[in-house]
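Note: the block below is upload_18.cif and it holds mmCIF, C-alpha atoms.
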data_run
#
loop_
_atom_site.label_atom_id
_atom_site.label_comp_id
_atom_site.auth_asym_id
_atom_site.auth_seq_id
_atom_site.Cartn_x
_atom_site.Cartn_y
_atom_site.Cartn_z
CA MET A 21 0.00 0.00 0.00
CA SER A 22 1.02 3.63 -0.42
CA GLU A 23 1.46 6.33 2.20
CA ASP A 24 -2.00 7.75 1.39
CA ALA A 25 -3.40 6.36 4.63
CA PHE A 26 -1.14 8.69 6.64
CA ALA A 27 -2.05 12.21 7.71
CA LYS A 28 0.42 14.85 6.55
CA THR A 29 0.59 16.75 9.81
CA PRO A 30 2.78 19.80 10.50
CA LYS A 31 5.39 20.17 13.21
CA PRO A 32 3.79 19.88 16.68
CA PRO A 33 2.05 21.18 18.66
CA TYR A 34 -1.36 20.34 17.22
CA TYR A 35 -4.36 18.35 18.42
CA ALA A 36 -5.60 14.79 17.97
CA VAL A 37 -9.10 13.43 18.42
CA ILE A 38 -8.66 9.71 19.08
CA PHE A 39 -11.89 7.83 18.39
CA SER A 40 -11.90 4.09 19.13
CA ALA A 41 -15.12 2.22 18.49
CA GLN A 42 -16.67 -1.21 18.37
CA ARG A 43 -19.28 -1.56 15.62
CA ASN A 44 -22.40 -3.53 16.46
CA GLY A 45 -22.52 -5.21 13.05
CA HIS A 46 -25.72 -3.48 11.90
CA GLY A 47 -26.29 -1.10 9.00
CA GLU A 48 -22.94 -1.53 7.27
CA ALA A 49 -24.03 0.11 3.99
CA ASP A 50 -25.54 3.19 5.71
CA TYR A 51 -22.53 3.39 7.99
CA ASN A 52 -20.12 3.44 5.07
CA VAL A 53 -22.10 6.12 3.21
CA ALA A 54 -22.19 8.29 6.34
CA GLY A 55 -18.47 7.72 6.90
CA GLU A 56 -17.63 8.89 3.40
CA ARG A 57 -19.82 11.97 3.83
CA MET A 58 -18.13 12.86 7.11
CA PHE A 59 -14.71 12.29 5.55
CA ALA A 60 -15.54 14.71 2.71
CA LEU A 61 -17.01 17.24 5.14
CA VAL A 62 -14.21 17.24 7.72
CA GLN A 63 -11.68 18.11 5.03
CA GLN A 64 -13.48 21.42 4.46
CA GLN A 65 -13.36 22.39 8.13
CA PRO A 66 -11.12 25.18 9.39
CA GLY A 67 -7.98 23.87 11.04
CA PHE A 68 -8.39 20.29 9.86
CA LEU A 69 -4.92 18.77 9.34
CA GLY A 70 -5.59 15.16 8.38
CA VAL A 71 -7.07 11.85 9.49
CA GLU A 72 -5.95 8.24 9.87
CA SER A 73 -8.47 5.44 10.19
CA THR A 74 -8.52 1.67 10.28
CA ARG A 75 -10.87 -1.11 11.34
CA ASP A 76 -10.29 -4.83 11.75
CA GLU A 77 -12.40 -7.84 10.75
CA HIS A 78 -14.09 -7.83 14.18
CA GLY A 79 -15.43 -4.29 13.68
CA PHE A 80 -13.02 -2.65 16.11
CA GLY A 81 -11.77 0.61 14.64
CA ILE A 82 -9.55 3.53 15.52
CA THR A 83 -9.80 6.91 13.79
CA VAL A 84 -7.49 9.77 14.68
CA ALA A 85 -8.39 13.21 13.32
CA TYR A 86 -5.88 16.04 13.59
CA PHE A 87 -6.69 19.73 14.05
CA ASP A 88 -4.69 22.87 14.65
CA SER A 89 -6.57 23.92 17.80
CA GLU A 90 -9.12 22.97 20.42
CA GLU A 91 -11.34 25.77 19.09
CA ASN A 92 -11.57 24.11 15.66
CA ILE A 93 -12.21 20.71 17.25
CA ARG A 94 -15.17 22.29 19.06
CA ARG A 95 -16.35 23.88 15.82
CA TRP A 96 -16.32 20.51 14.05
CA ARG A 97 -18.05 18.91 17.03
CA ASN A 98 -20.82 21.51 16.75
CA HIS A 99 -21.19 21.19 12.96
CA GLU A 100 -24.85 20.37 12.34
CA GLN A 101 -24.36 17.41 9.96
CA HIS A 102 -21.57 15.98 12.08
CA ALA A 103 -23.67 16.23 15.23
CA ALA A 104 -26.62 14.51 13.51
CA THR A 105 -24.40 11.71 12.23
CA ARG A 106 -22.85 11.22 15.68
CA GLU A 107 -26.32 10.87 17.19
CA ARG A 108 -27.22 8.32 14.53
CA GLY A 109 -24.00 6.45 15.31
CA LYS A 110 -24.88 6.30 19.00
CA ARG A 111 -28.36 4.96 18.23
CA GLU A 112 -27.60 2.60 15.35
CA TRP A 113 -23.97 1.68 14.77
CA TYR A 114 -21.79 1.49 17.88
CA GLU A 115 -21.68 -1.03 20.66
CA HIS A 116 -19.17 1.15 22.50
CA PHE A 117 -16.80 4.04 21.76
CA GLU A 118 -14.17 6.18 23.48
CA VAL A 119 -13.17 9.69 22.49
CA ARG A 120 -9.95 11.26 23.73
CA VAL A 121 -8.78 14.73 22.84
CA ALA A 122 -5.03 15.15 23.09
CA ARG A 123 -2.35 17.72 22.39
CA VAL A 124 0.42 16.26 20.21
CA GLU A 125 3.74 17.32 21.72
CA ARG A 126 6.24 15.54 19.46
CA ALA A 127 6.22 13.33 16.39
CA TYR A 128 8.55 11.37 14.15
CA ALA A 129 8.29 8.98 11.22
CA GLY A 130 10.11 5.95 9.91
CA PRO A 131 11.70 3.71 8.94
CA MET B 7 -17.28 -8.24 20.31
CA SER B 8 -16.84 -7.27 23.91
CA GLU B 9 -15.32 -4.08 25.34
CA ASP B 10 -12.01 -5.90 25.93
CA ALA B 11 -10.42 -4.06 23.02
CA PHE B 12 -10.75 -0.76 24.92
CA ALA B 13 -8.14 0.64 27.28
CA LYS B 14 -9.48 1.35 30.78
CA THR B 15 -7.82 4.70 31.20
CA PRO B 16 -8.17 6.99 34.24
CA LYS B 17 -9.42 10.56 34.29
CA PRO B 18 -7.16 12.82 32.17
CA PRO B 19 -4.53 14.13 32.02
CA TYR B 20 -2.40 11.20 30.83
CA TYR B 21 -0.33 10.48 27.73
CA ALA B 22 -0.94 8.67 24.44
CA VAL B 23 1.60 7.23 22.02
CA ILE B 24 -0.18 7.07 18.66
CA PHE B 25 1.55 4.64 16.32
CA SER B 26 0.19 4.35 12.78
CA ALA B 27 1.92 1.95 10.45
CA GLN B 28 1.73 0.36 7.05
CA ARG B 29 2.99 -3.23 7.04
CA ASN B 30 5.05 -4.32 4.04
CA GLY B 31 3.41 -7.75 3.89
CA HIS B 32 6.53 -9.70 4.89
CA GLY B 33 7.17 -11.89 7.94
CA GLU B 34 3.62 -12.06 9.23
CA ALA B 35 4.26 -14.97 11.63
CA ASP B 36 7.38 -13.38 13.18
CA TYR B 37 5.60 -10.05 13.38
CA ASN B 38 2.68 -11.54 15.28
CA VAL B 39 4.95 -13.36 17.74
CA ALA B 40 6.91 -10.14 18.37
CA GLY B 41 3.67 -8.20 18.78
CA GLU B 42 2.41 -10.60 21.42
CA ARG B 43 5.73 -10.40 23.27
CA MET B 44 5.64 -6.61 23.26
CA PHE B 45 2.02 -6.64 24.41
CA ALA B 46 2.92 -8.87 27.38
CA LEU B 47 5.98 -6.77 28.18
CA VAL B 48 4.37 -3.34 28.01
CA GLN B 49 1.78 -4.37 30.58
CA GLN B 50 4.56 -4.82 33.13
CA GLN B 51 5.98 -1.33 32.57
CA PRO B 52 5.64 1.39 35.19
CA GLY B 53 2.90 3.85 34.34
CA PHE B 54 1.36 1.76 31.56
CA LEU B 55 -2.39 2.43 31.48
CA GLY B 56 -3.67 0.42 28.53
CA VAL B 57 -3.50 -0.05 24.78
CA GLU B 58 -5.88 -0.13 21.82
CA SER B 59 -4.83 -1.62 18.51
CA THR B 60 -6.38 -2.49 15.17
CA ARG B 61 -5.27 -3.24 11.62
CA ASP B 62 -7.23 -3.55 8.40
CA GLU B 63 -7.01 -6.04 5.54
CA HIS B 64 -4.54 -3.79 3.69
CA GLY B 65 -2.05 -3.94 6.57
CA PHE B 66 -2.67 -0.39 7.77
CA GLY B 67 -2.76 -0.36 11.56
CA ILE B 68 -3.13 2.09 14.42
CA THR B 69 -1.98 1.30 17.96
CA VAL B 70 -2.47 3.77 20.80
CA ALA B 71 -0.63 3.05 24.06
CA TYR B 72 -1.49 5.06 27.16
CA PHE B 73 0.93 6.00 29.93
CA ASP B 74 0.77 8.15 33.04
CA SER B 75 3.74 10.34 32.15
CA GLU B 76 6.30 11.30 29.52
CA GLU B 77 8.98 9.88 31.80
CA ASN B 78 7.45 6.40 31.66
CA ILE B 79 7.02 6.66 27.88
CA ARG B 80 10.75 7.35 27.63
CA ARG B 81 11.47 4.43 29.95
CA TRP B 82 9.46 2.07 27.73
CA ARG B 83 11.13 3.54 24.65
CA ASN B 84 14.53 2.74 26.18
CA HIS B 85 13.57 -0.81 27.27
CA GLU B 86 16.16 -3.10 25.72
CA GLN B 87 13.76 -5.69 24.24
CA HIS B 88 11.40 -3.01 22.99
CA ALA B 89 14.23 -1.10 21.32
CA ALA B 90 15.51 -4.28 19.65
CA THR B 91 12.01 -5.14 18.38
CA ARG B 92 11.52 -1.59 17.05
CA GLU B 93 14.78 -1.85 15.12
CA ARG B 94 13.66 -5.17 13.67
CA GLY B 95 10.34 -3.57 12.71
CA LYS B 96 12.14 -0.79 10.87
CA ARG B 97 14.30 -3.27 8.95
CA GLU B 98 11.78 -6.02 8.28
CA TRP B 99 8.13 -5.17 8.78
CA TYR B 100 7.10 -1.60 8.05
CA GLU B 101 6.79 0.25 4.80
CA HIS B 102 6.13 3.46 6.73
CA PHE B 103 5.12 4.52 10.24
CA GLU B 104 4.31 7.65 12.21
CA VAL B 105 4.68 8.10 15.97
CA ARG B 106 2.97 10.94 17.80
CA VAL B 107 3.20 11.52 21.53
CA ALA B 108 0.27 13.45 22.91
CA ARG B 109 -1.14 14.62 26.23
CA VAL B 110 -4.77 13.55 26.66
CA GLU B 111 -6.69 16.55 27.96
CA ARG B 112 -10.27 15.22 28.06
CA ALA B 113 -12.11 12.00 27.32
CA TYR B 114 -15.61 10.58 27.20
CA ALA B 115 -17.30 7.35 26.21
CA GLY B 116 -20.56 6.25 24.63
CA PRO B 117 -23.16 5.52 23.51
#
Please, can you express the file's structure as structure tokens?
Amino acid sequence: MSEDAFAKTPKPPYYAVIFSAQRNGHGEADYNVAGERMFALVQQQPGFLGVESTRDEHGFGITVAYFDSEENIRRWRNHEQHAATRERGKREWYEHFEVRVARVERAYAGP
Amino acid sequence: MSEDAFAKTPKPPYYAVIFSAQRNGHGEADYNVAGERMFALVQQQPGFLGVESTRDEHGFGITVAYFDSEENIRRWRNHEQHAATRERGKREWYEHFEVRVARVERAYAGP
């Protein structure tokens, strides 16, 4: 695979929203459509720096979205379509999820 | 699936090491053995709080390890077996990886 899956983030500091989630196995088609919509939408948001996302065959996924500031994380959180999709996710798609907002202090790449 | 895949982290602040990596497709058996060894070892480290990890069918994975402090992240980074395994990973297993060390400021769970 290429390096397309990696976020091209700037030099720290910046912010990470770490979203880990267990899917409940229902509504896969709707879930994928909504995911693609949110992916297109988040890229238009102020301060959005990139996203990395993966999910295994058991439906356990981790998505990390990067932003330049806490203010722009809040703005994205309050975005009407994002908020509606999150509510749908809570009702329909997730068995459990954890959200952690973190300030990236240092970063490096390899090999 | 159960909630076993989730790290049981305390109230913030604490630290996250976000490791995103693209496997090169080689040495899957060795890689899995090494991964299990590192998983067993990290749980014995001072200040280790938990880990979440997932990888998709294209070999793109995200692992987030949680620690109580930067000092204990450094200690784990300098652990002899961990350092040796990281070097092996760079030589043998990864096409590309990114490491980001971040301070978790707030967290919540759902639904």
With the cut-off set at 12 Å and counting all atoms listed in the file, tabulate each residue of range 12-100 of chain B with an atom at most that distance from an atom of range 36-47 of chain A, showing the nearest atom pair and its distance in Å to one decimal, ordered by chain and increasing number, as a tab-separated table.
residue	atom	partner	partner_atom	distance
B:Phe12	CA	A:Ser40	CA	7.6
B:Ala13	CA	A:Ser40	CA	9.6
B:Tyr21	CA	A:Ala36	CA	11.9
B:Ala22	CA	A:Ile38	CA	9.5
B:Val23	CA	A:Ile38	CA	11.0
B:Ile24	CA	A:Ile38	CA	8.9
B:Phe25	CA	A:Ile38	CA	11.7
B:Val57	CA	A:Ser40	CA	10.9
B:Glu58	CA	A:Ser40	CA	7.8
B:Ser59	CA	A:Ser40	CA	9.1
B:Thr60	CA	A:Ser40	CA	9.5
B:Ile68	CA	A:Ser40	CA	10.2
B:Thr69	CA	A:Ser40	CA	10.4
B:Val70	CA	A:Ile38	CA	8.7
B:Ala71	CA	A:Ile38	CA	11.6
B:Tyr72	CA	A:Ile38	CA	11.8
Using all atoms listed in the file, find the residues of chain A whose closest atom to chain B is at most 8 Å away, then write them as a PyMOL selection string. chain A and resi 21+23+25-26+36+40+42+44+72-82+110-111+114-131
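One finds CA of Ile79 in chain B at 8.2 Å from CA of Gly53 in chain B.
You will find CA of Arg80 in chain B at 15.5 Å from CA of Met44 in chain B.
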For CA of Ala46 in chain B and CA of Asn78 in chain B, determine how far apart the two atoms are, in Å to one decimal place.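 Computing it gives 16.5 Å between the two atoms.
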Identify, on the basis of all atoms listed in the file, every residue whose closest approach to Gln65 in chain A does not exceed 9 Å; exclude the query and any residue fewer than 4 positions from it along the same chain; express the result as a VMD selection string. chain A and resid 61 92 95 to 96
Fill-in result for range 45-69 of chain A, N, CA, C and O atoms as a CSV table (one decimal), in the coordinates of the input:
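After the write, rebuild.csv holds the following:
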chain,number,residue,atom,x,y,z
A,45,GLY,N,-22.2,-4.3,14.2
A,45,GLY,CA,-22.5,-5.2,13.0
A,45,GLY,C,-23.8,-4.9,12.2
A,45,GLY,O,-24.0,-5.5,11.2
A,46,HIS,N,-24.5,-3.9,12.6
A,46,HIS,CA,-25.7,-3.5,11.9
A,46,HIS,C,-25.5,-2.3,11.0
A,46,HIS,O,-24.6,-1.5,11.2
A,47,GLY,N,-26.2,-2.3,9.9
A,47,GLY,CA,-26.3,-1.1,9.0
A,47,GLY,C,-25.0,-0.8,8.3
A,47,GLY,O,-24.7,0.4,8.1
A,48,GLU,N,-24.3,-1.8,7.8
A,48,GLU,CA,-22.9,-1.5,7.3
A,48,GLU,C,-23.0,-0.6,6.1
A,48,GLU,O,-22.1,0.3,6.0
A,49,ALA,N,-24.0,-0.7,5.2
A,49,ALA,CA,-24.0,0.1,4.0
A,49,ALA,C,-24.3,1.6,4.4
A,49,ALA,O,-23.5,2.5,3.9
A,50,ASP,N,-25.3,1.8,5.2
A,50,ASP,CA,-25.5,3.2,5.7
A,50,ASP,C,-24.3,3.8,6.4
A,50,ASP,O,-24.0,5.0,6.3
A,51,TYR,N,-23.7,2.9,7.2
A,51,TYR,CA,-22.5,3.4,8.0
A,51,TYR,C,-21.4,3.8,7.1
A,51,TYR,O,-20.8,4.9,7.3
A,52,ASN,N,-21.2,3.1,6.0
A,52,ASN,CA,-20.1,3.4,5.1
A,52,ASN,C,-20.4,4.7,4.3
A,52,ASN,O,-19.5,5.6,4.1
A,53,VAL,N,-21.7,4.9,3.9
A,53,VAL,CA,-22.1,6.1,3.2
A,53,VAL,C,-21.9,7.3,4.1
A,53,VAL,O,-21.3,8.3,3.7
A,54,ALA,N,-22.3,7.2,5.4
A,54,ALA,CA,-22.2,8.3,6.3
A,54,ALA,C,-20.7,8.6,6.6
A,54,ALA,O,-20.3,9.7,6.7
A,55,GLY,N,-19.9,7.5,6.7
A,55,GLY,CA,-18.5,7.7,6.9
A,55,GLY,C,-17.8,8.5,5.8
A,55,GLY,O,-17.0,9.4,6.0
A,56,GLU,N,-18.2,8.2,4.5
A,56,GLU,CA,-17.6,8.9,3.4
A,56,GLU,C,-18.1,10.3,3.4
A,56,GLU,O,-17.3,11.2,3.1
A,57,ARG,N,-19.3,10.6,3.8
A,57,ARG,CA,-19.8,12.0,3.8
A,57,ARG,C,-19.1,12.8,4.9
A,57,ARG,O,-18.7,13.9,4.6
A,58,MET,N,-18.8,12.1,6.0
A,58,MET,CA,-18.1,12.9,7.1
A,58,MET,C,-16.7,13.1,6.7
A,58,MET,O,-16.1,14.1,7.0
A,59,PHE,N,-16.1,12.1,6.0
A,59,PHE,CA,-14.7,12.3,5.6
A,59,PHE,C,-14.6,13.5,4.6
A,59,PHE,O,-13.7,14.3,4.7
A,60,ALA,N,-15.6,13.6,3.7
A,60,ALA,CA,-15.5,14.7,2.7
A,60,ALA,C,-15.7,16.0,3.4
A,60,ALA,O,-15.1,17.0,3.1
A,61,LEU,N,-16.6,16.0,4.4
A,61,LEU,CA,-17.0,17.2,5.1
A,61,LEU,C,-15.9,17.7,6.0
A,61,LEU,O,-15.6,18.9,6.1
A,62,VAL,N,-15.2,16.8,6.7
A,62,VAL,CA,-14.2,17.2,7.7
A,62,VAL,C,-13.0,17.9,7.0
A,62,VAL,O,-12.4,18.8,7.6
A,63,GLN,N,-12.8,17.5,5.8
A,63,GLN,CA,-11.7,18.1,5.0
A,63,GLN,C,-11.9,19.6,4.7
A,63,GLN,O,-11.0,20.3,4.3
A,64,GLN,N,-13.2,20.0,4.7
A,64,GLN,CA,-13.5,21.4,4.5
A,64,GLN,C,-13.5,22.3,5.7
A,64,GLN,O,-13.7,23.5,5.7
A,65,GLN,N,-13.2,21.6,6.9
A,65,GLN,CA,-13.4,22.4,8.1
A,65,GLN,C,-12.1,23.2,8.4
A,65,GLN,O,-11.0,22.7,8.1
A,66,PRO,N,-12.3,24.4,9.0
A,66,PRO,CA,-11.1,25.2,9.4
A,66,PRO,C,-10.2,24.4,10.4
A,66,PRO,O,-10.7,23.9,11.4
A,67,GLY,N,-8.9,24.5,10.1
A,67,GLY,CA,-8.0,23.9,11.0
A,67,GLY,C,-7.8,22.4,10.9
A,67,GLY,O,-7.0,21.8,11.7
A,68,PHE,N,-8.5,21.7,10.0
A,68,PHE,CA,-8.4,20.3,9.9
A,68,PHE,C,-7.0,20.0,9.2
A,68,PHE,O,-6.7,20.6,8.2
A,69,LEU,N,-6.3,19.1,9.8
A,69,LEU,CA,-4.9,18.8,9.3
A,69,LEU,C,-4.8,17.4,8.7
A,69,LEU,O,-3.8,17.2,7.9
